[in-house]
$ cat run_20.cif   # mmCIF, C-alpha atoms
data_run
loop_
_atom_site.label_atom_id
_atom_site.label_comp_id
_atom_site.auth_asym_id
_atom_site.auth_seq_id
_atom_site.Cartn_x
_atom_site.Cartn_y
_atom_site.Cartn_z
CA MET A 1 -91.37 130.39 -45.86
CA LEU A 2 -91.68 126.81 -44.58
CA VAL A 3 -89.49 123.97 -45.86
CA THR A 4 -90.58 120.41 -45.13
CA GLY A 5 -88.19 117.51 -45.70
CA ALA A 6 -85.65 119.99 -44.39
CA THR A 7 -82.87 117.49 -43.65
CA GLY A 8 -83.22 115.54 -46.90
CA ARG A 9 -80.89 115.93 -49.89
CA VAL A 10 -83.21 118.35 -51.71
CA GLY A 11 -84.73 120.16 -48.74
CA ARG A 12 -81.35 120.94 -47.19
CA ALA A 13 -80.02 122.32 -50.48
CA VAL A 14 -83.13 124.48 -50.87
CA ILE A 15 -82.64 125.86 -47.37
CA ASP A 16 -79.04 126.80 -48.14
CA LEU A 17 -80.07 128.64 -51.32
CA LEU A 18 -82.89 130.49 -49.57
CA THR A 19 -80.79 131.57 -46.59
CA ASP A 20 -77.93 132.64 -48.87
CA ALA A 21 -80.46 134.87 -50.64
CA GLY A 22 -81.57 136.37 -47.34
CA VAL A 23 -84.99 134.71 -47.32
CA PRO A 24 -86.36 133.95 -43.83
CA VAL A 25 -86.79 130.19 -43.53
CA ARG A 26 -88.65 127.97 -41.09
CA ALA A 27 -87.71 124.27 -41.22
CA LEU A 28 -90.05 121.45 -40.25
CA VAL A 29 -88.30 118.49 -38.62
CA ARG A 30 -89.63 115.46 -36.79
CA ARG A 31 -86.94 115.63 -34.09
CA SER A 32 -85.14 118.78 -33.05
CA GLU A 33 -81.80 116.99 -32.80
CA SER A 34 -81.90 116.17 -36.51
CA ALA A 35 -81.71 119.89 -37.28
CA ALA A 36 -78.30 120.38 -35.69
CA ALA A 37 -76.59 120.70 -39.08
CA LEU A 38 -78.99 123.31 -40.44
CA PRO A 39 -77.87 126.97 -40.64
CA THR A 40 -78.17 128.83 -37.35
CA ASN A 41 -80.43 131.51 -38.87
CA VAL A 42 -83.12 128.95 -39.73
CA GLU A 43 -86.12 128.73 -37.40
CA ILE A 44 -86.62 125.09 -36.37
CA VAL A 45 -90.11 123.78 -35.66
CA THR A 46 -90.94 120.17 -34.86
CA GLY A 47 -93.91 118.39 -36.37
CA ASP A 48 -94.92 115.06 -37.84
CA LEU A 49 -96.81 114.46 -41.09
CA THR A 50 -98.45 111.44 -39.48
CA VAL A 51 -99.93 113.77 -36.80
CA PRO A 52 -101.50 116.59 -38.84
CA GLU A 53 -102.42 118.74 -35.84
CA SER A 54 -98.72 118.85 -34.89
CA LEU A 55 -98.09 121.02 -37.98
CA ASP A 56 -100.08 124.04 -36.81
CA ALA A 57 -97.12 125.75 -35.12
CA ALA A 58 -94.96 125.28 -38.21
CA LEU A 59 -97.67 126.73 -40.46
CA HIS A 60 -98.46 129.78 -38.31
CA ALA A 61 -98.02 133.01 -40.34
CA ILE A 62 -96.58 131.10 -43.30
CA SER A 63 -97.72 131.96 -46.82
CA THR A 64 -95.51 129.63 -48.91
CA VAL A 65 -94.52 126.01 -48.30
CA PHE A 66 -92.02 123.71 -49.98
CA PHE A 67 -93.83 120.42 -49.50
CA VAL A 68 -92.07 117.05 -49.48
CA TRP A 69 -94.10 113.99 -48.53
CA THR A 70 -92.05 111.64 -46.32
CA ALA A 71 -94.73 109.59 -44.55
CA PRO A 72 -97.23 106.79 -45.20
CA PRO A 73 -100.27 107.92 -47.21
CA GLN A 74 -102.96 107.69 -44.55
CA THR A 75 -102.71 111.29 -43.29
CA ALA A 76 -102.04 113.00 -46.64
CA ALA A 77 -105.57 114.41 -47.02
CA ALA A 78 -105.59 115.86 -43.50
CA VAL A 79 -102.15 117.43 -43.99
CA VAL A 80 -103.15 119.03 -47.29
CA ASP A 81 -106.29 120.39 -45.65
CA ARG A 82 -104.11 122.01 -42.99
CA LEU A 83 -101.87 123.54 -45.64
CA ALA A 84 -104.93 125.02 -47.33
CA ALA A 85 -106.20 126.45 -44.05
CA HIS A 86 -102.94 128.27 -43.27
CA THR A 87 -101.10 129.07 -46.51
CA GLN A 88 -101.55 130.45 -50.02
CA ARG A 89 -98.83 128.73 -52.08
CA VAL A 90 -97.36 125.23 -52.22
CA VAL A 91 -94.38 124.01 -54.22
CA TYR A 92 -94.68 120.22 -54.22
CA LEU A 93 -91.83 117.79 -54.91
CA SER A 94 -93.41 115.06 -57.04
CA ALA A 95 -92.26 112.72 -59.82
CA PRO A 96 -92.66 112.58 -63.64
CA HIS A 97 -95.48 110.05 -63.52
CA ARG A 98 -97.42 111.95 -66.22
CA THR A 99 -94.48 111.89 -68.63
CA PRO A 100 -95.23 109.84 -71.79
CA HIS A 101 -92.02 107.81 -71.68
CA PRO A 102 -91.86 104.12 -70.74
CA PHE A 103 -89.27 104.73 -68.02
CA PHE A 104 -91.84 106.71 -66.02
CA GLN A 105 -94.91 104.65 -66.85
CA GLN A 106 -94.16 101.42 -64.98
CA PRO A 107 -96.23 100.41 -61.92
CA ASN A 108 -94.95 102.48 -59.02
CA PRO A 109 -96.67 102.87 -55.64
CA MET A 110 -94.84 106.15 -54.96
CA ALA A 111 -96.05 107.61 -58.26
CA ALA A 112 -99.61 106.70 -57.32
CA LEU A 113 -99.17 108.48 -53.97
CA HIS A 114 -97.75 111.56 -55.68
CA ALA A 115 -100.71 111.63 -58.07
CA GLU A 116 -103.15 111.46 -55.15
CA ILE A 117 -101.41 114.28 -53.25
CA GLU A 118 -101.43 116.41 -56.40
CA ARG A 119 -105.18 115.76 -56.70
CA LEU A 120 -105.69 116.76 -53.08
CA ILE A 121 -103.72 119.97 -53.53
CA ALA A 122 -105.64 120.88 -56.68
CA ALA A 123 -108.95 120.30 -54.94
CA THR A 124 -108.13 122.89 -52.26
CA GLY A 125 -107.63 125.70 -54.77
CA LEU A 126 -104.17 126.49 -53.41
CA ASP A 127 -101.71 128.16 -55.78
CA SER A 128 -99.41 125.26 -56.54
CA THR A 129 -96.27 124.46 -58.48
CA ILE A 130 -95.36 120.84 -59.16
CA ILE A 131 -91.67 119.91 -59.46
CA ARG A 132 -90.97 116.56 -61.15
CA PRO A 133 -87.31 115.55 -61.09
CA GLY A 134 -86.33 112.46 -63.04
CA MET A 135 -83.40 110.26 -62.04
CA PHE A 136 -81.09 112.04 -59.58
CA ALA A 137 -77.38 112.07 -60.39
CA SER A 138 -76.68 111.39 -56.70
CA ASN A 139 -78.22 107.92 -57.02
CA ALA A 140 -74.84 106.93 -58.44
CA LEU A 141 -73.34 107.33 -54.96
CA LEU A 142 -75.93 105.07 -53.38
CA TRP A 143 -75.69 102.47 -56.13
CA TRP A 144 -72.05 102.33 -57.19
CA ALA A 145 -69.77 104.05 -54.65
CA ALA A 146 -69.03 100.89 -52.65
CA ALA A 147 -67.95 98.94 -55.74
CA ILE A 148 -65.90 101.88 -57.03
CA ARG A 149 -64.13 102.21 -53.69
CA GLY A 150 -63.42 98.51 -53.87
CA ASP A 151 -62.07 96.80 -56.97
CA GLY A 152 -63.63 99.22 -59.46
CA VAL A 153 -65.94 96.58 -60.95
CA VAL A 154 -69.56 97.71 -61.03
CA ARG A 155 -71.94 94.77 -61.47
CA TRP A 156 -75.37 96.15 -62.37
CA PRO A 157 -78.37 95.23 -64.53
CA TYR A 158 -79.41 96.91 -67.77
CA GLY A 159 -76.14 98.65 -68.51
CA ALA A 160 -77.55 99.83 -71.86
CA ALA A 161 -80.62 101.46 -70.30
CA GLU A 162 -80.50 105.22 -70.82
CA THR A 163 -81.42 107.87 -68.26
CA ALA A 164 -80.81 111.63 -68.05
CA PRO A 165 -79.51 112.18 -64.51
CA VAL A 166 -80.33 115.59 -63.09
CA ASP A 167 -77.95 117.28 -60.67
CA ASP A 168 -79.54 117.62 -57.24
CA ARG A 169 -78.21 121.19 -57.07
CA ASP A 170 -80.15 122.11 -60.20
CA VAL A 171 -83.34 120.66 -58.73
CA ALA A 172 -82.83 122.71 -55.57
CA ALA A 173 -82.11 125.85 -57.61
CA VAL A 174 -85.35 125.46 -59.59
CA ILE A 175 -87.31 124.94 -56.38
CA ALA A 176 -85.76 127.99 -54.71
CA ARG A 177 -86.58 130.10 -57.75
CA THR A 178 -90.20 128.97 -57.88
CA LEU A 179 -90.55 129.66 -54.15
CA CYS A 180 -89.17 133.18 -54.42
CA GLU A 181 -90.49 134.37 -57.78
CA ASP A 182 -94.00 135.24 -58.82
CA GLY A 183 -95.43 133.66 -61.94
CA HIS A 184 -95.01 129.98 -61.12
CA ALA A 185 -98.54 129.25 -59.87
CA GLY A 186 -99.85 126.39 -61.98
CA GLY A 187 -96.35 125.47 -63.11
CA ASP A 188 -95.69 121.79 -63.81
CA TYR A 189 -91.97 121.28 -64.33
CA VAL A 190 -90.25 118.04 -65.36
CA LEU A 191 -86.54 118.31 -64.56
CA THR A 192 -83.87 116.15 -66.19
CA GLY A 193 -80.22 116.40 -66.97
CA PRO A 194 -79.22 117.70 -70.41
CA GLU A 195 -78.20 114.39 -72.00
CA SER A 196 -79.25 110.78 -72.34
CA LEU A 197 -76.60 108.36 -71.05
CA THR A 198 -76.53 104.61 -70.60
CA GLN A 199 -75.80 103.38 -67.10
CA ALA A 200 -72.52 101.93 -68.36
CA GLU A 201 -71.58 105.34 -69.77
CA GLN A 202 -72.30 106.95 -66.43
CA VAL A 203 -69.92 104.55 -64.69
CA SER A 204 -67.26 105.33 -67.30
CA ILE A 205 -67.73 109.07 -66.75
CA ILE A 206 -67.23 108.60 -63.00
CA GLY A 207 -64.03 106.71 -63.80
CA ASP A 208 -62.84 109.65 -65.92
CA ALA A 209 -63.48 111.99 -62.99
CA LEU A 210 -61.44 109.72 -60.72
CA GLY A 211 -58.65 109.15 -63.23
CA ARG A 212 -59.34 105.40 -63.02
CA GLN A 213 -60.65 102.89 -65.48
CA LEU A 214 -63.77 101.32 -64.01
CA THR A 215 -65.31 98.11 -65.33
CA PHE A 216 -69.03 97.67 -65.89
CA GLU A 217 -70.24 94.05 -65.74
CA GLU A 218 -73.79 93.21 -66.73
CA MET A 219 -75.72 91.55 -63.91
CA PRO A 220 -78.80 89.44 -64.67
CA PRO A 221 -81.93 91.12 -63.30
CA ASP A 222 -82.96 88.03 -61.33
CA GLU A 223 -79.60 87.98 -59.57
CA PHE A 224 -79.93 91.68 -58.77
CA ARG A 225 -83.37 91.04 -57.31
CA ARG A 226 -82.14 88.09 -55.21
CA GLU A 227 -79.37 90.19 -53.69
CA THR A 228 -81.80 92.92 -52.64
CA PRO A 229 -83.02 93.04 -49.02
CA GLU A 230 -86.71 92.18 -48.76
CA ALA A 231 -87.63 95.66 -47.54
CA ALA A 232 -86.23 97.24 -50.71
CA ARG A 233 -87.82 94.73 -53.10
CA PRO A 234 -90.73 96.97 -54.28
CA ALA A 235 -88.35 99.78 -55.24
CA VAL A 236 -86.03 97.36 -57.00
CA ASP A 237 -88.88 95.75 -58.93
CA MET A 238 -89.96 99.22 -60.06
CA LEU A 239 -86.44 100.13 -61.18
CA LEU A 240 -85.94 96.87 -63.04
CA ALA A 241 -89.22 97.32 -64.87
CA ALA A 242 -88.34 100.92 -65.74
CA TRP A 243 -84.85 100.07 -67.03
CA ASN A 244 -86.22 97.17 -69.04
CA ALA A 245 -88.96 99.33 -70.56
CA THR A 246 -86.53 101.96 -71.76
CA MET A 247 -84.08 99.58 -73.42
CA GLY A 248 -83.39 100.73 -76.98
CA ARG A 249 -84.81 104.20 -76.39
CA PRO A 250 -83.06 107.42 -75.43
CA ALA A 251 -84.01 108.96 -72.11
CA TYR A 252 -86.63 111.66 -71.82
CA VAL A 253 -84.75 114.99 -71.78
CA THR A 254 -86.21 118.42 -71.02
CA SER A 255 -84.71 121.92 -71.19
CA THR A 256 -86.68 123.05 -68.13
CA VAL A 257 -83.66 123.53 -65.85
CA SER A 258 -81.88 125.80 -68.32
CA ASP A 259 -85.12 127.58 -69.23
CA LEU A 260 -85.95 128.44 -65.62
CA LEU A 261 -82.42 129.20 -64.42
CA ALA A 262 -81.23 131.01 -67.58
CA ARG A 263 -78.05 128.95 -67.63
CA PRO A 264 -77.11 125.48 -68.87
CA ALA A 265 -78.11 122.52 -66.74
CA ARG A 266 -75.16 120.77 -65.14
CA THR A 267 -74.03 117.67 -67.02
CA PHE A 268 -73.43 114.30 -65.39
CA ARG A 269 -69.73 114.81 -66.14
CA GLN A 270 -69.78 118.05 -64.13
CA TRP A 271 -71.60 116.30 -61.29
CA ALA A 272 -69.07 113.43 -61.27
CA ALA A 273 -66.11 115.83 -61.24
CA ASP A 274 -67.60 117.83 -58.36
CA HIS A 275 -68.26 114.66 -56.33
CA ALA A 276 -65.15 112.67 -57.20
CA THR A 277 -63.77 112.75 -53.65
CA VAL A 278 -66.98 111.20 -52.30
CA PHE A 279 -66.32 108.11 -54.43
CA THR A 280 -62.84 107.73 -52.94
CA GLU A 281 -63.71 108.18 -49.27
CA GLY A 282 -64.14 105.18 -47.03
CA PRO A 283 -62.14 101.98 -46.54
CA HIS A 284 -60.84 99.99 -49.47
CA PRO A 285 -61.09 96.21 -49.03
CA THR A 286 -57.82 94.36 -48.92
CA ASN A 287 -57.08 91.41 -51.19
#
$ encode --input "run_20.cif" --output "structure tokens"
Amino acid sequence: MLVTGATGRVGRAVIDLLTDAGVPVRALVRRSESAAALPTNVEIVTGDLTVPESLDAALHAISTVFFVWTAPPQTAAAVVDRLAAHTQRVVYLSAPHRTPHPFFQQPNPMAALHAEIERLIAATGLDSTIIRPGMFASNALLWWAAAIRGDGVVRWPYGAAETAPVDDRDVAAVIARTLCEDGHAGGDYVLTGPESLTQAEQVSIIGDALGRQLTFEEMPPDEFRRETPEAARPAVDMLLAAWNATMGRPAYVTSTVSDLLARPARTFRQWAADHATVFTEGPHPTN
């Protein structure tokens, strides 16, 4: 079984689940040194999605691929053709761009790329399973950890916007199951957390996990945009549009995680409790 995106937050978790289950795993990495933290029983193969012919060694004698696209779009068609020439099954990490909820229907270049790769996969006739996680719970670390480690005041736009954060571990568990079980060909799975929460509520829940009272301060969207580095501006514009579009509406929530795993999906409160120490690591600024 081949795992692409092997050192990313989802790919690495999938590898751990597969190896714990005794499944032989081959990991595709761009640079061999980046694989140093992977389990020692994982076969490491180097290759680059921007150089499709470099994938042949990784795909040799492989029947099933967990496919994560981490490159510009220009070589997507050639890579998918190579998958079709070597393998039988693909589990593709996509996004909920088909979901009829305003949060997922805003202009989004990445969603357009996902849709094109899905079209390419379908055209090959490969057995495919599409995994569509919504907002990841772990985004809270990227967005709010620095402020929480500081004075505990989180300044952020659209505090009342509701999302249903899905635990990264649940996403990985669904992917591992669809890779290992029969019966998922043609599956199209939208994964969310089990509850709709405002962003301000999520910050409060993190505070509960830390035993601290955190403060959420509403930030005007234009100020948020101005403080964003130019390189991240497209992603920020997409997020601002999505949060604005969902104001006044509960988040889109599915039962897919619990249905596929035969257990409840982890709540955001569980995720925050399990990751509380990550929010406290690092230097605290002095007054």
$ residues_around --input "run_20.cif" --residues "segment 183-191 of chain A" --least-positions-apart "6" --cutoff "6 Å" --atoms "only C-alpha atoms" --output "short mmCIF file (atom, residue, chain, number, x, y, z; two decimals) with C-alpha atoms, in the frame of the given file"
data_model
loop_
_atom_site.label_atom_id
_atom_site.label_comp_id
_atom_site.auth_asym_id
_atom_site.auth_seq_id
_atom_site.Cartn_x
_atom_site.Cartn_y
_atom_site.Cartn_z
CA ASP A 127 -101.71 128.16 -55.78
CA SER A 128 -99.41 125.26 -56.54
CA THR A 129 -96.27 124.46 -58.48
CA ILE A 130 -95.36 120.84 -59.16
CA ILE A 131 -91.67 119.91 -59.46
CA ARG A 132 -90.97 116.56 -61.15
CA PRO A 133 -87.31 115.55 -61.09
CA THR A 256 -86.68 123.05 -68.13
#
$ residues_around --input "run_20.cif" --residues "segment 269-273 of chain A" --least-positions-apart "4" --cutoff "7 Å" --atoms "all atoms listed in the file" --output "NGL selection string"
:A and (167 or 205-206 or 209)
$ write_last_selection --input "run_20.cif" --atoms "C-alpha atoms" --output "PDB file, in the coordinates of the input"
ATOM      1  CA  ASP A 167     -77.950 117.280 -60.670  1.00  0.00           C
ATOM      2  CA  ILE A 205     -67.730 109.070 -66.750  1.00  0.00           C
ATOM      3  CA  ILE A 206     -67.230 108.600 -63.000  1.00  0.00           C
ATOM      4  CA  ALA A 209     -63.480 111.990 -62.990  1.00  0.00           C
TER       5      ALA A 209
END
$ resolve_selection --input "run_20.cif" --expression "the PyMOL selection byres ((chain A and resi 274-283) around 10)" --output "list in words"
Ser138, Ala140, Leu141, Trp144, Ala145, Ala146, Ala147, Ile148, Arg149, Gly150, Ile206, Gly207, Asp208, Ala209, Leu210, Gly211, Phe268, Arg269, Gln270, Trp271, Ala272, Ala273, His284, Pro285 and Thr286 of chain A
$ resolve_selection --input "run_20.cif" --expression "the PyMOL selection byres ((chain A and resi 44-52) around 12)" --output "MDAnalysis selection string"
chainID A and resid 1:7 15 24:43 53:60 67:83
$ residues_around --input "run_20.cif" --residues "segment 220-237 of chain A" --least-positions-apart "4" --cutoff "12 Å" --atoms "only C-alpha atoms" --output "list in words"
Gln106, Pro107, Asn108, Pro109, Met110, Ala111, Trp143, Arg155, Trp156, Pro157, Tyr158, Gly159, Ala241, Ala242, Trp243 and Asn244 of chain A
$ resolve_selection --input "run_20.cif" --expression "the PyMOL selection byres ((chain A and resi 195) around 7)" --output "list in words"
Ala164, Gly193, Pro194, Ser196, Leu197 and Val253 of chain A
$ atom_distance --input "run_20.cif" --atom1 "atom CA of Ala21 of chain A" --atom2 "atom CA of Gln88 of chain A"
21.6 Å
$ closest_residue --input "run_20.cif" --among "A:Leu214, A:Ala200, A:Leu260, A:Ala137" --to "Arg169 of chain A" --atoms "only C-alpha atoms"
A:Ala137
$ atom_distance --input "run_20.cif" --atom1 "atom CA of Thr246 of chain A" --atom2 "atom CA of Thr163 of chain A"
8.6 Å
$ closest_residue --input "run_20.cif" --among "A:Ala85, A:Met135, A:Ala115, A:Leu126" --to "Val166 of chain A" --atoms "only C-alpha atoms"
A:Met135
$ atom_distance --input "run_20.cif" --atom1 "atom CA of Ile117 of chain A" --atom2 "atom CA of Ser94 of chain A"
8.9 Å
$ residues_around --input "run_20.cif" --residues "Val257 of chain A" --least-positions-apart "2" --cutoff "7 Å" --atoms "all atoms listed in the file" --output "PyMOL selection string"
chain A and resi 170+174+191+255+259-261+265
$ write_last_selection --input "run_20.cif" --atoms "C-alpha atoms" --output "compact mmCIF listing (two decimals), in the frame of the given file"
# COMPACT_ATOMS: atom_id res chain seq x y z
CA ASP A 170 -80.15 122.11 -60.20
CA VAL A 174 -85.35 125.46 -59.59
CA LEU A 191 -86.54 118.31 -64.56
CA SER A 255 -84.71 121.92 -71.19
CA ASP A 259 -85.12 127.58 -69.23
CA LEU A 260 -85.95 128.44 -65.62
CA LEU A 261 -82.42 129.20 -64.42
CA ALA A 265 -78.11 122.52 -66.74
